[in-house]
Structures are given as C-alpha cells and as structure tokens.
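my_file00.txt (compact mmCIF, C-alpha atoms) appears below.
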```
# COMPACT_ATOMS: atom_id res chain seq x y z
CA MET A 1 24.90 3.89 -24.92
CA ASN A 2 22.21 1.45 -26.00
CA ASN A 3 20.88 1.54 -22.46
CA ILE A 4 20.47 5.31 -22.45
CA ILE A 5 18.50 5.20 -25.72
CA ILE A 6 15.97 2.90 -24.03
CA ALA A 7 16.20 4.24 -20.47
CA VAL A 8 15.44 7.91 -21.10
CA PRO A 9 12.26 7.32 -23.19
CA ALA A 10 11.19 4.66 -20.67
CA ILE A 11 11.45 7.15 -17.78
CA ILE A 12 9.83 10.06 -19.62
CA GLY A 13 7.18 7.80 -21.16
CA THR A 14 6.24 6.35 -17.76
CA ILE A 15 5.88 9.83 -16.25
CA LEU A 16 3.76 11.08 -19.18
CA ILE A 17 1.49 8.02 -19.07
CA TYR A 18 1.17 8.50 -15.30
CA ILE A 19 0.06 12.13 -15.78
CA PHE A 20 -2.35 11.08 -18.53
CA SER A 21 -3.90 8.33 -16.38
CA ILE A 22 -4.48 10.78 -13.51
CA LYS A 23 -6.32 13.08 -15.91
CA ILE A 24 -8.51 10.19 -17.08
CA HIS A 25 -9.28 9.22 -13.48
CA LYS A 26 -10.23 12.80 -12.59
CA ARG A 27 -12.57 12.97 -15.56
CA TYR A 28 -14.15 9.51 -15.14
CA ASN A 29 -13.99 8.79 -11.43
CA TYR A 30 -14.62 5.02 -11.05
CA PRO A 31 -12.62 2.36 -9.17
CA PHE A 32 -11.68 0.72 -12.47
CA THR A 33 -10.21 3.96 -13.86
CA LEU A 34 -7.53 3.95 -11.15
CA PRO A 35 -4.34 5.57 -12.45
CA ILE A 36 -2.25 2.52 -11.57
CA LEU A 37 -4.58 0.26 -13.59
CA ILE A 38 -4.73 2.53 -16.63
CA ALA A 39 -1.01 3.31 -16.61
CA THR A 40 0.01 -0.35 -16.21
CA CYS A 41 -2.28 -1.53 -19.01
CA LEU A 42 -1.16 1.24 -21.36
CA ILE A 43 2.55 0.58 -20.81
CA ILE A 44 2.12 -3.19 -21.22
CA LEU A 45 0.17 -2.56 -24.44
CA ILE A 46 2.91 -0.28 -25.79
CA LEU A 47 5.66 -2.77 -24.88
CA LEU A 48 3.76 -5.66 -26.50
CA LEU A 49 3.03 -3.66 -29.67
CA THR A 50 6.63 -2.43 -30.02
CA ASN A 51 8.05 -5.83 -29.05
CA VAL A 52 10.16 -4.42 -26.20
CA PRO A 53 10.80 -6.99 -23.42
CA TYR A 54 10.09 -6.02 -19.81
CA ASP A 55 13.76 -6.21 -18.79
CA THR A 56 14.70 -3.69 -21.47
CA TYR A 57 11.97 -1.30 -20.28
CA MET A 58 13.26 -1.71 -16.73
CA SER A 59 16.70 -0.31 -17.63
CA GLY A 60 14.79 2.99 -17.35
CA GLY A 61 11.99 1.84 -15.07
CA ASN A 62 14.49 0.89 -12.36
CA TRP A 63 15.36 4.56 -11.90
CA ILE A 64 11.75 5.24 -10.91
CA SER A 65 11.25 2.15 -8.75
CA GLU A 66 14.44 2.94 -6.84
CA LEU A 67 12.31 5.64 -5.16
CA LEU A 68 9.80 3.08 -3.81
CA GLY A 69 11.86 2.62 -0.63
CA PRO A 70 11.92 6.30 0.40
CA ALA A 71 8.25 6.58 -0.71
CA VAL A 72 7.32 3.96 1.88
CA VAL A 73 9.40 5.80 4.51
CA ALA A 74 7.48 8.98 3.58
CA LEU A 75 4.22 7.35 4.80
CA ALA A 76 5.42 8.26 8.31
CA TYR A 77 4.56 11.88 7.46
CA PRO A 78 0.74 11.54 7.05
CA LEU A 79 0.70 9.33 10.13
CA TYR A 80 2.56 12.03 12.05
CA LYS A 81 0.17 14.73 10.77
CA GLU A 82 -2.83 12.70 12.02
CA ARG A 83 -1.18 11.80 15.33
CA MET A 84 -3.86 13.59 17.41
CA VAL A 85 -6.67 11.56 15.79
CA LEU A 86 -4.54 8.46 16.34
CA LYS A 87 -3.94 9.33 19.99
CA ASN A 88 -7.61 10.04 20.73
CA LEU A 89 -8.87 6.86 19.07
CA LEU A 90 -5.87 4.67 19.80
CA ILE A 91 -7.67 1.62 21.22
CA PRO A 92 -10.38 1.18 18.54
CA ILE A 93 -7.94 1.97 15.70
CA LEU A 94 -5.22 -0.38 16.96
CA SER A 95 -7.61 -3.24 17.81
CA GLY A 96 -9.54 -2.96 14.56
CA THR A 97 -6.49 -2.82 12.30
CA LEU A 98 -4.57 -5.52 14.18
CA VAL A 99 -7.51 -7.96 14.13
CA GLY A 100 -8.23 -7.12 10.48
CA SER A 101 -4.57 -7.60 9.50
CA LEU A 102 -4.45 -10.93 11.31
CA PHE A 103 -7.63 -12.19 9.61
CA GLY A 104 -6.45 -10.93 6.23
CA VAL A 105 -3.13 -12.78 6.35
CA VAL A 106 -4.56 -15.96 7.88
CA THR A 107 -7.55 -16.32 5.51
CA GLY A 108 -5.47 -15.41 2.45
CA VAL A 109 -2.76 -17.92 3.32
CA LEU A 110 -5.07 -20.76 4.39
CA LEU A 111 -7.41 -20.47 1.39
CA THR A 112 -4.51 -20.34 -1.07
CA LYS A 113 -2.82 -23.26 0.65
CA GLY A 114 -6.12 -25.18 0.74
CA PHE A 115 -6.48 -24.88 -3.02
CA GLY A 116 -2.98 -26.30 -3.42
CA PHE A 117 -1.12 -23.26 -4.78
CA ASP A 118 2.70 -23.01 -4.62
CA ALA A 119 4.49 -21.43 -1.67
CA GLU A 120 5.56 -18.57 -3.98
CA ILE A 121 1.90 -17.66 -4.57
CA ILE A 122 1.05 -18.00 -0.86
CA TYR A 123 3.88 -15.59 0.04
CA THR A 124 2.62 -13.17 -2.58
CA ILE A 125 -1.06 -13.16 -1.55
CA SER A 126 -0.35 -12.89 2.20
CA SER A 127 0.14 -9.10 2.22
CA LYS A 128 -2.61 -8.18 -0.31
CA SER A 129 -4.49 -5.93 2.16
CA VAL A 130 -1.73 -3.34 2.50
CA THR A 131 -0.68 -0.47 0.27
CA THR A 132 1.16 -1.55 -2.91
CA PRO A 133 4.71 -0.37 -2.14
CA VAL A 134 4.65 -2.08 1.28
CA SER A 135 3.06 -5.25 -0.11
CA MET A 136 5.79 -5.34 -2.76
CA ALA A 137 8.49 -4.91 -0.14
CA ILE A 138 7.01 -7.68 2.05
CA THR A 139 6.67 -10.00 -0.95
CA GLU A 140 10.25 -9.30 -1.96
CA SER A 141 11.69 -10.13 1.45
CA LEU A 142 9.57 -13.31 1.69
CA GLY A 143 10.59 -14.48 -1.79
CA GLY A 144 7.22 -14.15 -3.58
CA ILE A 145 6.41 -12.75 -7.03
CA VAL A 146 6.65 -8.95 -6.65
CA PRO A 147 4.61 -7.70 -9.67
CA LEU A 148 1.88 -10.23 -8.84
CA ALA A 149 1.65 -8.71 -5.34
CA ALA A 150 0.57 -5.45 -6.97
CA VAL A 151 -2.22 -7.30 -8.79
CA PHE A 152 -3.61 -8.84 -5.59
CA VAL A 153 -3.39 -5.46 -3.85
CA MET A 154 -5.32 -3.88 -6.70
CA ILE A 155 -8.03 -6.56 -6.53
CA ALA A 156 -8.30 -6.09 -2.75
CA GLY A 157 -8.55 -2.33 -3.20
CA ILE A 158 -11.08 -2.25 -6.01
CA SER A 159 -13.33 -5.01 -4.64
CA GLY A 160 -13.27 -3.44 -1.17
CA GLY A 161 -14.03 0.02 -2.51
CA VAL A 162 -16.93 -1.23 -4.64
CA LEU A 163 -18.42 -3.72 -2.14
CA SER A 164 -17.94 -1.73 1.11
CA LYS A 165 -21.34 -0.05 1.17
CA TYR A 166 -23.16 -3.38 0.70
CA VAL A 167 -21.00 -5.11 3.33
CA PHE A 168 -21.54 -2.27 5.84
CA THR A 169 -25.34 -2.33 5.37
CA PHE A 170 -25.57 -6.11 5.43
CA ILE A 171 -23.39 -6.60 8.53
CA GLY A 172 -24.57 -3.47 10.33
CA ILE A 173 -21.36 -1.43 10.46
CA HIS A 174 -22.59 2.16 10.70
CA HIS A 175 -20.16 4.01 13.00
CA HIS A 176 -18.05 6.39 10.86
CA LEU A 177 -14.95 5.44 12.85
CA SER A 178 -15.29 1.73 12.14
CA LYS A 179 -16.13 2.33 8.47
CA GLY A 180 -12.85 4.25 8.11
CA ILE A 181 -10.90 1.56 9.95
CA ALA A 182 -12.50 -1.22 7.89
CA LEU A 183 -11.79 0.54 4.59
CA GLY A 184 -8.18 1.40 5.44
CA SER A 185 -7.38 -2.08 6.79
CA SER A 186 -8.92 -4.01 3.91
CA SER A 187 -8.49 -1.77 0.89
CA HIS A 188 -5.56 0.60 1.65
CA ALA A 189 -5.47 3.80 -0.46
CA ILE A 190 -8.50 2.87 -2.59
CA GLY A 191 -10.47 2.29 0.61
CA THR A 192 -9.22 5.62 1.94
CA ALA A 193 -10.43 7.36 -1.21
CA THR A 194 -13.84 5.73 -0.69
CA ALA A 195 -13.87 6.78 2.99
CA LEU A 196 -13.02 10.37 1.99
CA GLU A 197 -16.25 10.51 -0.01
CA SER A 198 -18.17 10.19 3.29
CA SER A 199 -16.19 12.70 5.37
CA ASP A 200 -12.70 14.11 5.95
CA LEU A 201 -12.55 12.50 9.39
CA GLU A 202 -13.44 9.08 8.01
CA GLY A 203 -10.76 9.59 5.36
CA SER A 204 -8.03 10.41 7.86
CA ILE A 205 -9.04 7.51 10.11
CA SER A 206 -8.84 5.27 7.05
CA SER A 207 -5.37 6.54 6.13
CA ILE A 208 -4.17 5.92 9.70
CA ALA A 209 -5.62 2.38 9.55
CA MET A 210 -3.90 1.84 6.20
CA ILE A 211 -0.47 2.78 7.58
CA ILE A 212 -0.87 0.93 10.89
CA SER A 213 -1.99 -2.21 9.07
CA ALA A 214 0.99 -1.87 6.70
CA MET A 215 3.25 -1.94 9.76
CA ALA A 216 1.28 -4.77 11.42
CA VAL A 217 1.21 -6.98 8.32
CA SER A 218 4.96 -6.43 7.75
CA VAL A 219 5.70 -7.58 11.27
CA MET A 220 3.21 -10.45 11.60
CA THR A 221 3.35 -12.05 8.13
CA PRO A 222 6.82 -13.72 8.31
CA TRP A 223 5.91 -15.07 11.73
CA LEU A 224 2.40 -16.24 10.73
CA LEU A 225 3.77 -18.00 7.66
CA THR A 226 6.08 -20.18 9.74
CA ILE A 227 3.04 -21.30 11.77
CA LEU A 228 0.58 -21.70 8.88
CA ILE A 229 2.73 -23.37 6.22
CA MET B 1 13.56 26.62 -7.75
CA LEU B 2 14.21 26.68 -3.99
CA LYS B 3 11.21 24.38 -3.58
CA ILE B 4 12.70 21.79 -5.95
CA PHE B 5 16.01 21.93 -4.11
CA LEU B 6 14.18 21.46 -0.79
CA ILE B 7 12.23 18.45 -2.13
CA PHE B 8 15.50 16.98 -3.39
CA ILE B 9 17.18 17.34 0.04
CA HIS B 10 14.13 15.88 1.80
CA ILE B 11 14.09 12.85 -0.48
CA ILE B 12 17.77 12.27 0.31
CA ILE B 13 16.90 12.27 4.03
CA LEU B 14 14.03 9.82 3.39
CA TYR B 15 16.40 7.70 1.33
CA ALA B 16 18.85 7.68 4.24
CA PHE B 17 16.08 6.33 6.51
CA TYR B 18 15.37 3.67 3.91
CA GLN B 19 19.04 2.62 3.93
CA ILE B 20 19.17 2.63 7.74
CA GLY B 21 16.07 0.40 7.66
CA ASN B 22 17.77 -1.96 5.21
CA TRP B 23 20.83 -2.02 7.42
CA ILE B 24 18.76 -2.88 10.53
CA GLN B 25 16.98 -5.60 8.52
CA PHE B 26 20.34 -7.03 7.48
CA ILE B 27 22.02 -6.85 10.91
CA PHE B 28 19.13 -8.49 12.75
CA ASN B 29 18.33 -10.84 9.87
CA LEU B 30 14.67 -9.70 9.76
CA LEU B 31 11.98 -10.43 7.16
CA ILE B 32 10.33 -7.06 7.83
CA PRO B 33 11.15 -4.84 4.82
CA GLY B 34 13.83 -2.20 5.38
CA SER B 35 11.50 0.51 4.03
CA VAL B 36 8.88 -0.30 6.70
CA ILE B 37 11.55 -0.29 9.43
CA GLY B 38 12.65 3.11 8.11
CA MET B 39 9.04 4.35 8.20
CA ILE B 40 8.51 3.24 11.81
CA LEU B 41 11.85 4.79 12.81
CA LEU B 42 11.02 8.10 11.12
CA PHE B 43 7.57 8.19 12.77
CA LEU B 44 9.08 7.59 16.22
CA LEU B 45 11.71 10.29 15.70
CA LEU B 46 9.07 12.75 14.44
CA ALA B 47 6.77 11.96 17.39
CA THR B 48 9.62 12.48 19.88
CA ASN B 49 10.69 15.67 18.10
CA VAL B 50 14.22 14.42 17.38
CA ILE B 51 13.56 14.97 13.66
CA LYS B 52 11.77 18.23 12.83
CA VAL B 53 8.87 17.74 10.45
CA LYS B 54 10.10 20.62 8.26
CA TRP B 55 13.23 18.61 7.45
CA ILE B 56 11.20 16.09 5.44
CA GLU B 57 7.83 17.79 4.86
CA ALA B 58 8.09 19.00 1.25
CA GLY B 59 9.72 15.80 -0.01
CA ALA B 60 7.37 13.50 1.91
CA ALA B 61 4.28 15.38 0.72
CA MET B 62 5.50 15.15 -2.88
CA MET B 63 6.22 11.40 -2.57
CA ASN B 64 2.84 10.74 -0.98
CA LYS B 65 1.05 12.67 -3.68
CA HIS B 66 2.75 10.76 -6.48
CA LEU B 67 3.09 7.40 -4.75
CA THR B 68 1.47 5.60 -7.70
CA LEU B 69 4.19 6.72 -10.10
CA PHE B 70 6.91 4.92 -8.13
CA PHE B 71 5.36 1.49 -8.41
CA ILE B 72 4.13 1.61 -12.01
CA PRO B 73 7.37 0.11 -13.46
CA VAL B 74 7.22 -2.88 -11.10
CA THR B 75 3.51 -3.44 -11.75
CA VAL B 76 4.21 -3.56 -15.49
CA GLY B 77 6.22 -6.72 -14.71
CA ILE B 78 2.91 -8.58 -14.51
CA MET B 79 3.24 -8.91 -18.30
CA ASN B 80 5.65 -11.79 -17.65
CA TYR B 81 3.04 -13.62 -15.53
CA PHE B 82 -0.11 -13.57 -17.67
CA ASP B 83 -0.15 -17.39 -17.73
CA LEU B 84 -0.88 -17.44 -14.01
CA PHE B 85 -4.38 -16.10 -14.58
CA LYS B 86 -5.35 -18.75 -17.10
CA GLY B 87 -7.55 -21.49 -15.63
CA ARG B 88 -7.03 -21.95 -11.90
CA GLY B 89 -5.64 -18.47 -11.43
CA ILE B 90 -9.18 -17.10 -11.29
CA ILE B 91 -9.51 -18.82 -7.89
CA LEU B 92 -6.84 -16.43 -6.59
CA VAL B 93 -9.04 -13.47 -7.55
CA LEU B 94 -11.95 -14.97 -5.59
CA ILE B 95 -9.72 -15.74 -2.57
CA THR B 96 -8.49 -12.14 -2.56
CA ILE B 97 -12.05 -10.75 -2.65
CA ILE B 98 -13.34 -13.10 0.07
CA SER B 99 -10.36 -12.39 2.33
CA THR B 100 -10.80 -8.63 1.76
CA ILE B 101 -14.44 -8.82 2.88
CA ILE B 102 -13.39 -10.79 5.98
CA VAL B 103 -10.84 -8.07 6.87
CA MET B 104 -13.50 -5.41 6.40
CA ILE B 105 -16.05 -7.17 8.61
CA SER B 106 -13.63 -8.15 11.39
CA SER B 107 -11.89 -4.77 11.69
CA GLY B 108 -15.19 -2.91 11.35
CA LEU B 109 -17.07 -4.92 13.96
CA ILE B 110 -14.27 -4.91 16.57
CA SER B 111 -13.71 -1.17 16.31
CA GLN B 112 -17.45 -0.44 16.29
CA TRP B 113 -17.93 -2.50 19.42
CA LEU B 114 -15.05 -0.67 21.18
CA ALA B 115 -16.14 2.77 19.98
CA THR B 116 -19.80 2.39 20.99
CA ARG B 117 -18.77 0.95 24.36
CA LYS B 118 -16.52 3.96 24.97
CA GLU B 119 -19.27 6.38 23.95
CA ALA B 120 -21.79 4.61 26.21
CA LYS B 121 -19.37 4.97 29.14
CA GLN B 122 -18.96 8.69 28.47
CA HIS B 123 -22.76 9.14 28.51
CA GLU B 124 -23.14 7.49 31.89
```

Written as structure tokens, how would this file's structure read?
Amino acid sequence: MNNIIIAVPAIIGTILIYIFSIKIHKRYNYPFTLPILIATCLIILILLLTNVPYDTYMSGGNWISELLGPAVVALAYPLYKERMVLKNLLIPILSGTLVGSLFGVVTGVLLTKGFGFDAEIIYTISSKSVTTPVSMAITESLGGIVPLAAVFVMIAGISGGVLSKYVFTFIGIHHHLSKGIALGSSSHAIGTATALESSDLEGSISSIAMIISAMAVSVMTPWLLTILI
Amino acid sequence: MLKIFLIFIHIIILYAFYQIGNWIQFIFNLLIPGSVIGMILLFLLLATNVIKVKWIEAGAAMMNKHLTLFFIPVTVGIMNYFDLFKGRGIILVLITIISTIIVMISSGLISQWLATRKEAKQHE
C-alpha cells in the first residue's frame, strides 16, 4: 500500500516534468536546456527538498525504466527507415563510425586509467559516445555505475554539439556526409539534433552513425577492456 | 483508441525482442547488452522482410519520440553520486570532452577521405 502511495505520484510526476522540460527546450533552444538535463535536475531538487530517498522514488521510477530495453530495440526502426541512405553510403559510414567508436573507447579508457581512476569508473566512461539507453545497458553489463554513465553521455553530447562547428573549421571537415558521421559517432542524439540544423540528409546520416556506433561500441567495449586494463 | 491499442501491441513485440536478446546474452554468456542484441536482431528481420515494419511501426515511433522519458528515472540516480564530482572528478569531465573531440575528428576525417575519393572516381 505504502508503495502505491509513492509509486503513482512518482510515475505521474516524472511524466509531467518530462512534458514541462520539453516545452522549456522548445522555447529556449540551447544545448544546456536539454529535456533530460532539466528534468533530471528538477526531480533531484524535488526529492532533496521533500527528503525522499532515491530508492523510494524508484518504486515508481522502475515502472518507467523497465521500458528502456524495448526503447533500445526500437532504434532498429529509424535505422530500417534510412536503410537506402545506409546502403548507398555504406563504406564511408561504416569506416567513419567504426574508427570513431574505437578511438572513443580507447582514449576514454586509457586517459581514465592513466589518471588512476577505479575500474568501476573506467567501465562507466568507456561507452560515453553512444546514446544514453545503450550506454546505460553497456555499463550495466560491464559492472559500472549506471546513472554516472548518463552523465558522461550528456557531457559528450553537449560538448560535441557546442564545439562541433569550431572543430570542423579548425580541422577542415567540410563534407556534409562526414559532418553527420562525426556528430552521430561522437555526440549521439544531441549531435544528430545539431546535424539536423544543417540539413535533413546530414541529420539522417548522423542518426545512422549514432545507431551503428551504438552497436559497434556494445560489441567492441568488453573486448577492448580486456586488452586495455 | 485503436491507435493506443496498436502502440501497446507493438511495444509488447519490442519487449519480446528485448527478452530474446537477454536470453541470447545469457545463453552465450555475452557482455553485449540484451537490448542491443534485440535491436540488431529486429533490424536484420526487418531488412529481410521476415518482420513487417507495420507490426512495430507505431510503437517504435512512439518510443523513439519519447526516448528521453524512459531514462529520466535512472539518470536521477546521479543524486547518490554527487561526491564523485568533488575534486578530482572534474578531470573526468575534461577526459570526456577531449575523447569526444577525438571521436569527432577521427570519424570525420576518415569518412571525408573515403567520400571525396569516391566522388573523384565518379568524376573520372
């Protein structure tokens, strides 16, 4: 009974805050007004102010996060819809995302290890370039800290989205195809949103790169970790 | 009303793929997440026309649109780890940003090189 009293407001409250944060992001469209950032901060603030521990909130929250698994499966649908773009640009898309995924995992792991952080942290940072639900799933199966994975993913997304135009100019990346691939591989959905501002094609290339790199990082990370650690 | 029912059925199908993925992960003792295995499996079955896209379309579109909602509760869990970002934790932020830029440059340059090479060949 006690559980239901907490669980129902937790579920409804989360959905309402989610809707509110989307409205805010539509009105003030900046990388730091991302719905996930606003919603997370608001809920944490409410829990701290009302003195509700996280575990109690999760008696309702679990009902929502149970859908993370099928939500990841559902990413097959946009990939399927864009299959003609994927087929036509298979070699550049595959090479770009695979090399990017490899560099992302290797540099993340080696730098973290070099600074002497725990294995738990190394596991958690290794998949930071991929979309949050997949990064969480990878972190969970490796034994890292799942909520922390979301934080690293957010940092990768926001920094990539904000810095991309400077990086592209400085390095000389000007082909729309490679911009889309770079944004999707490094900054997942936030990168894709940035790519969409340039053109629809760049956006769909970015979303393909995001999903392919999610697959690649899932497959290569456990294997790379055994070599690097 | 029919639409809601359809979305509900589609999510059950997606959930079944998730469970099949978990099962494959368990049987073969893999570290690849079951959800990702389920995603790859669904993509292959859609591409080979074994699964019709209309069997999952409405549910998948809905889940994609509201993807953020499903991971909010887990992200809130960061409230138990605030200590991590005191002191040395700030290094982790820098590592993440540096590594992100490296991914961007490497994937961008490789694909640009391949794409311009292909275009040059077509012009010949």

Checklist line | Coordinates-based distance that separates CA of Leu228 in chain A from CA of Ser101 in chain A (Å, one decimal) | finding: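 Spanning CA of Ser101 in chain A to CA of Leu228 in chain A is a straight-line distance of 15.0 Å.
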
If you take only C-alpha atoms and a cut-off of 8 Å, which residues of chain B touch chain A, and what are their nearest atom pairs and distances in Å to one decimal, in chain and number order, as a tab-separated table?
```
residue	atom	partner	partner_atom	distance
B:Ile11	CA	A:Pro70	CA	7.0
B:Leu14	CA	A:Pro70	CA	5.1
B:Tyr15	CA	A:Pro70	CA	4.8
B:Phe17	CA	A:Val73	CA	7.0
B:Tyr18	CA	A:Pro70	CA	5.6
B:Leu31	CA	A:Ser141	CA	5.7
B:Ile32	CA	A:Ser218	CA	5.4
B:Pro33	CA	A:Ala137	CA	5.6
B:Gly34	CA	A:Gly69	CA	8.0
B:Ser35	CA	A:Gly69	CA	5.1
B:Val36	CA	A:Val73	CA	6.5
B:Gly38	CA	A:Val73	CA	5.5
B:Met39	CA	A:Val73	CA	4.0
B:Ile40	CA	A:Ala76	CA	6.9
B:Leu42	CA	A:Ala76	CA	6.3
B:Phe43	CA	A:Ala76	CA	5.0
B:Leu46	CA	A:Tyr80	CA	7.0
B:Ala47	CA	A:Tyr80	CA	6.8
B:Val53	CA	A:Tyr77	CA	7.9
B:Glu57	CA	A:Tyr77	CA	7.2
B:Ala60	CA	A:Ala74	CA	4.8
B:Ala61	CA	A:Tyr77	CA	7.6
B:Met63	CA	A:Ala71	CA	5.6
B:Asn64	CA	A:Ala74	CA	6.7
B:Leu67	CA	A:Ala71	CA	6.6
B:Thr68	CA	A:Ile36	CA	6.2
B:Leu69	CA	A:Tyr18	CA	6.3
B:Phe70	CA	A:Ser65	CA	5.2
B:Phe71	CA	A:Ser65	CA	5.9
B:Ile72	CA	A:Thr40	CA	6.2
B:Pro73	CA	A:Gly61	CA	5.2
B:Val74	CA	A:Pro147	CA	5.7
B:Thr75	CA	A:Pro147	CA	4.9
B:Val76	CA	A:Thr40	CA	5.3
B:Gly77	CA	A:Pro147	CA	5.4
B:Ile78	CA	A:Pro147	CA	5.2
B:Met79	CA	A:Ile44	CA	6.5
B:Asn80	CA	A:Tyr54	CA	7.6
B:Tyr81	CA	A:Leu148	CA	7.6
B:Leu92	CA	A:Thr112	CA	7.2
B:Val93	CA	A:Ile155	CA	7.1
B:Ile95	CA	A:Gly108	CA	6.6
B:Thr96	CA	A:Ala156	CA	6.1
B:Ile97	CA	A:Ala156	CA	6.0
B:Ser99	CA	A:Gly104	CA	5.7
B:Thr100	CA	A:Ser186	CA	5.4
B:Ile101	CA	A:Gly160	CA	6.8
B:Ile102	CA	A:Gly104	CA	6.9
B:Val103	CA	A:Gly100	CA	4.6
B:Met104	CA	A:Ala182	CA	4.6
B:Ile105	CA	A:Ala182	CA	7.0
B:Ser106	CA	A:Gly100	CA	5.6
B:Ser107	CA	A:Gly96	CA	4.1
B:Gly108	CA	A:Ala182	CA	4.7
B:Leu109	CA	A:Ile173	CA	6.5
B:Ile110	CA	A:Gly96	CA	5.5
B:Ser111	CA	A:Pro92	CA	4.6
B:Gln112	CA	A:Ser178	CA	5.2
B:Leu114	CA	A:Pro92	CA	5.7
B:Ala115	CA	A:Pro92	CA	6.1
```

Could those selected residues go to a file with C-alpha atoms, as a PDB file, in the frame of the given file?
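Result file follows (result.pdb):
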```
ATOM      1  CA  ILE B  11      14.090  12.850  -0.480  1.00  0.00           C
ATOM      2  CA  LEU B  14      14.030   9.820   3.390  1.00  0.00           C
ATOM      3  CA  TYR B  15      16.400   7.700   1.330  1.00  0.00           C
ATOM      4  CA  PHE B  17      16.080   6.330   6.510  1.00  0.00           C
ATOM      5  CA  TYR B  18      15.370   3.670   3.910  1.00  0.00           C
ATOM      6  CA  LEU B  31      11.980 -10.430   7.160  1.00  0.00           C
ATOM      7  CA  ILE B  32      10.330  -7.060   7.830  1.00  0.00           C
ATOM      8  CA  PRO B  33      11.150  -4.840   4.820  1.00  0.00           C
ATOM      9  CA  GLY B  34      13.830  -2.200   5.380  1.00  0.00           C
ATOM     10  CA  SER B  35      11.500   0.510   4.030  1.00  0.00           C
ATOM     11  CA  VAL B  36       8.880  -0.300   6.700  1.00  0.00           C
ATOM     12  CA  GLY B  38      12.650   3.110   8.110  1.00  0.00           C
ATOM     13  CA  MET B  39       9.040   4.350   8.200  1.00  0.00           C
ATOM     14  CA  ILE B  40       8.510   3.240  11.810  1.00  0.00           C
ATOM     15  CA  LEU B  42      11.020   8.100  11.120  1.00  0.00           C
ATOM     16  CA  PHE B  43       7.570   8.190  12.770  1.00  0.00           C
ATOM     17  CA  LEU B  46       9.070  12.750  14.440  1.00  0.00           C
ATOM     18  CA  ALA B  47       6.770  11.960  17.390  1.00  0.00           C
ATOM     19  CA  VAL B  53       8.870  17.740  10.450  1.00  0.00           C
ATOM     20  CA  GLU B  57       7.830  17.790   4.860  1.00  0.00           C
ATOM     21  CA  ALA B  60       7.370  13.500   1.910  1.00  0.00           C
ATOM     22  CA  ALA B  61       4.280  15.380   0.720  1.00  0.00           C
ATOM     23  CA  MET B  63       6.220  11.400  -2.570  1.00  0.00           C
ATOM     24  CA  ASN B  64       2.840  10.740  -0.980  1.00  0.00           C
ATOM     25  CA  LEU B  67       3.090   7.400  -4.750  1.00  0.00           C
ATOM     26  CA  THR B  68       1.470   5.600  -7.700  1.00  0.00           C
ATOM     27  CA  LEU B  69       4.190   6.720 -10.100  1.00  0.00           C
ATOM     28  CA  PHE B  70       6.910   4.920  -8.130  1.00  0.00           C
ATOM     29  CA  PHE B  71       5.360   1.490  -8.410  1.00  0.00           C
ATOM     30  CA  ILE B  72       4.130   1.610 -12.010  1.00  0.00           C
ATOM     31  CA  PRO B  73       7.370   0.110 -13.460  1.00  0.00           C
ATOM     32  CA  VAL B  74       7.220  -2.880 -11.100  1.00  0.00           C
ATOM     33  CA  THR B  75       3.510  -3.440 -11.750  1.00  0.00           C
ATOM     34  CA  VAL B  76       4.210  -3.560 -15.490  1.00  0.00           C
ATOM     35  CA  GLY B  77       6.220  -6.720 -14.710  1.00  0.00           C
ATOM     36  CA  ILE B  78       2.910  -8.580 -14.510  1.00  0.00           C
ATOM     37  CA  MET B  79       3.240  -8.910 -18.300  1.00  0.00           C
ATOM     38  CA  ASN B  80       5.650 -11.790 -17.650  1.00  0.00           C
ATOM     39  CA  TYR B  81       3.040 -13.620 -15.530  1.00  0.00           C
ATOM     40  CA  LEU B  92      -6.840 -16.430  -6.590  1.00  0.00           C
ATOM     41  CA  VAL B  93      -9.040 -13.470  -7.550  1.00  0.00           C
ATOM     42  CA  ILE B  95      -9.720 -15.740  -2.570  1.00  0.00           C
ATOM     43  CA  THR B  96      -8.490 -12.140  -2.560  1.00  0.00           C
ATOM     44  CA  ILE B  97     -12.050 -10.750  -2.650  1.00  0.00           C
ATOM     45  CA  SER B  99     -10.360 -12.390   2.330  1.00  0.00           C
ATOM     46  CA  THR B 100     -10.800  -8.630   1.760  1.00  0.00           C
ATOM     47  CA  ILE B 101     -14.440  -8.820   2.880  1.00  0.00           C
ATOM     48  CA  ILE B 102     -13.390 -10.790   5.980  1.00  0.00           C
ATOM     49  CA  VAL B 103     -10.840  -8.070   6.870  1.00  0.00           C
ATOM     50  CA  MET B 104     -13.500  -5.410   6.400  1.00  0.00           C
ATOM     51  CA  ILE B 105     -16.050  -7.170   8.610  1.00  0.00           C
ATOM     52  CA  SER B 106     -13.630  -8.150  11.390  1.00  0.00           C
ATOM     53  CA  SER B 107     -11.890  -4.770  11.690  1.00  0.00           C
ATOM     54  CA  GLY B 108     -15.190  -2.910  11.350  1.00  0.00           C
ATOM     55  CA  LEU B 109     -17.070  -4.920  13.960  1.00  0.00           C
ATOM     56  CA  ILE B 110     -14.270  -4.910  16.570  1.00  0.00           C
ATOM     57  CA  SER B 111     -13.710  -1.170  16.310  1.00  0.00           C
ATOM     58  CA  GLN B 112     -17.450  -0.440  16.290  1.00  0.00           C
ATOM     59  CA  LEU B 114     -15.050  -0.670  21.180  1.00  0.00           C
ATOM     60  CA  ALA B 115     -16.140   2.770  19.980  1.00  0.00           C
TER      61      ALA B 115
END
```

Next item on the list: In Å, rounded to a single decimal, give me how far CA of Ile37 in chain B is from CA of Ser213 in chain A.
Entry: 13.7 Å

Checklist line | Gap from CA of Ser198 in chain A to CA of Phe20 in chain A - Å, one decimal | finding: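 Atom-to-atom, CA of Ser198 in chain A and CA of Phe20 in chain A are spaced 27.0 Å apart.
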
Next item on the list: Please provide as a PyMOL selection string all residues within 7 Å of His10 in chain B, with the sequence filter that same-chain residues fewer than 5 positions apart are discarded (counting all atoms listed in the file).
Entry: chain B and resi 55-56+58-59
